[in-house]
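**Student:** Have a look at this one before I ask anything.
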Amino acid sequence: MKPLPFHLVTLTHPRWEDALHCAKRLGEDALPELRLDLFPDLDPEALVDALKRRCLVTCRRASEGGRWPDEDEAGRLAHLCRALPGRPAWLDLEWDLPIPPEIEVSRTHVRLLRSVHVKPGVFDLEARLTELPPGEAYKWVGWAGRLGDAGHLRRPLAWARDHGIPLAAFLMGPKGLPSRALQSVWGGAFTYAAPDDGPPAAPGQLPLALLRAWRCAKLHPAHGLCGVIGDPVLHSRGPAFHNPRFQRAFKDLLYLPLLCGEAEEAVEALDALEVLGLSITAPLKLSLPAALGLQGPLNTLWRRRVGEPWQGANTDAEAFAQALATLSPGPVLLLGGGGVAETSLALLEASGRPVLQVSRAQPRSEATVAAFAPVGLVQATSLGMSADDLAPFPALLAAARPSARWALEWIYKEDTAFALWAKEAGLQLISGASLFEAQAEGQSRRFIEGCGGAT
């Protein structure tokens with residue numbers, strides 16, 4: 001019997017016909033997980049037969065993210081056993097359960113995956129590995145309360161790999177994303193993916209196409225981790241920008257979104273996850289460099305090895321200076337008061353442009369803005385991150401419109417309210433997307449040249 005492929009794809013489709021269509025299109029590197037609790041009214045044997053035995057059969061309890069009632073444990077096991085006459089390739093049985101006789105007699109042709117879902121804050125994988133239940137593969141699932149929690153999994157995963165134990169261990173939740181993507185780096189034998197045409201089965205589960213694009217199945221222990229850190233970051237274009245460049249440069253690095261909004265938690269995670277390169281976004285551009293003893297604001301950090309000193313740069317400043325050189329001189333209205341605004345203010349003043357800064361802490365009147373007669377406007381607030389965000393300080397934008405000639409925005413989402421306003425006003429627009437490309441290029445160069453492999 002074949003071992004588990006690296007990707008297990010949970011069939012989460014509302015209709016079985018769509019699930020079957022998805023399963024038939026999976027390649028050899030992906031095995032469909034048939035969740036019987038998602039199709040409780042259909043005959044398990046018939047479902048396995050439709051998949052031509054090539055599946056992992058699971059029936060998940062409600063307390064573990066499934067839909068089968070916890071109080072009907074006997075019914076759940078009986079339903080799981082109804083799949084056995086179809087001779088599925090794999091069957092998922094909970095780690096702590098004895099093997100039912102019906103499953104035991106089928107083990108000549110059905111392999112067992114023993115799985116456990118532990119409560120938040122529990123990290124008992126090392127203890128569990130000392131006394132494994134009978135099975136051919138193992139899955140341990142926890143929950144990431146902090147970004148660095150996944151560091152608890154590195155040592156037991158490496159131990160399992162070195163002892164020939166097929167194991168996957170990862171954390172659910174958005175802060176557990178690194179544990180899913182880095183399975184093969186840390187020693188995991190497989191990971192779970194969401195279908196590309198269906199919803200994720202658990203919080204933090206990544207689409208199959210994304211895992212393939214990141215080449216997660218081909219990563220090895222020498223791969224190092226880079227990422228974008230802040231909150232929010234799951235929308236970031238960074239992985240799509242940096243990972244192809246790492247691959248073209250034959251650089252053993254993977255770039256991921258790292259969700260974290262607190263500097264103390266971020267510092268803890270950098271060592272727990274052995275991060276080598278970092279793009280810093282809001283709200284950490286000032287606080288994280290300071291927590292590391294560096295002068296900010298910085299948006300880029302890198303180091304050759306874990307334990308070596310961090311180097312820092314502000315590629316936002318580099319990209320902004322390049323853009324500013326193409327824009328007409330004159331007074332500038334600066335919107336915002338955070339780290340990006342601070343960077344913008346320093347560069348505008350260095351270029352000799354008069355600046356009027358507006359923020360919630362520095363309110364200005366419409367008359368003041370009109371009298372200032374700005375030629376340029378710089379949008380350095382966080383408005384635009386969400387689709388329903390309005391343009392910042394609309395009354396002040398109206399007051400600036402008669403004199404304005406150009407506008408620059410830091411938010412790199414398409415068609416923000418500010419960008420639409422600037423286009424309607426007929427202004428020359430430097431979009432957030434173009435700034436992102438310029439600053440990210442500087443980051444990629446530093447990561448490729450300055451980061452080594454994993455320790």
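Each chain in the structure tokens gets a letter, A, B and so on, in the order shown; residues start at 1 in every chain, and ligands are counted from 1 in the order they appear.
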Identify all residues of region 13-183 of chain A in helix (DSSP H, G or I) (DSSP on the backbone) and supply them as a ChimeraX atom specification.
**Tutor:** /A:16-24,36-38,44-50,62-64,73-81,84-86,101-104,125-129,147-162,174-181,183
**Student:** Find the spatial neighbours of region 127-129 of chain A, counting only C-alpha atoms, within a cut-off of 10 Å - ignore same-chain residues fewer than 6 positions away - and output them as a VMD selection string.
**Tutor:** chain A and resid 95 138 140 156 to 157 159 to 160 165 167
**Student:** Which neighbours of Ala282 (chain A) fall inside 6 Å, counting only C-alpha atoms, when residues of the same chain fewer than 2 positions from it are skipped, and could you give them as a list in words?
**Tutor:**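 The neighbour list is Gly230, Leu284 and Lys285 of chain A.
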**Student:** List as a PyMOL selection string the protein and nucleic acid residues near Gln379 (chain A), meaning an atom at most 10 Å away when only C-alpha atoms are counted, but skip any in the same chain fewer than 3 places from it.
**Tutor:** chain A and resi 333-336+340-341+344+382-384+391-392+407-411+418-419+432
**Student:** Now that the selection is made, can you save its residues with C-alpha atoms as a tab-separated table (two decimals), in the first residue's frame?
**Tutor:**
```
chain	number	residue	atom	x	y	z
A	333	LEU	CA	-0.81	67.89	2.64
A	334	LEU	CA	0.20	64.78	4.64
A	335	LEU	CA	-2.68	62.65	5.97
A	336	GLY	CA	-1.82	60.39	8.90
A	340	VAL	CA	4.41	55.57	7.48
A	341	ALA	CA	3.46	59.21	8.00
A	344	SER	CA	6.82	60.50	4.63
A	382	SER	CA	-4.72	53.00	7.40
A	383	LEU	CA	-8.03	53.86	5.71
A	384	GLY	CA	-8.41	51.73	2.61
A	391	ALA	CA	-11.46	58.40	2.10
A	392	PRO	CA	-9.71	60.12	5.04
A	407	ALA	CA	-1.64	62.35	-4.98
A	408	LEU	CA	0.29	59.47	-3.47
A	409	GLU	CA	-1.18	56.61	-1.43
A	410	TRP	CA	0.52	53.99	0.71
A	411	ILE	CA	-2.39	51.50	0.84
A	418	PHE	CA	-8.84	57.87	-1.81
A	419	ALA	CA	-7.53	56.54	-5.14
A	432	GLY	CA	0.01	52.04	-3.31
```
**Student:** Given only C-alpha atoms as the basis, pick out the residue of A:Ala367, A:Ala83, A:Val378, A:Leu435 nearest to Thr315 (chain A).
**Tutor:**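 Looking only at the distances to Thr315 (chain A), the closest residue turns out to be A:Leu435.
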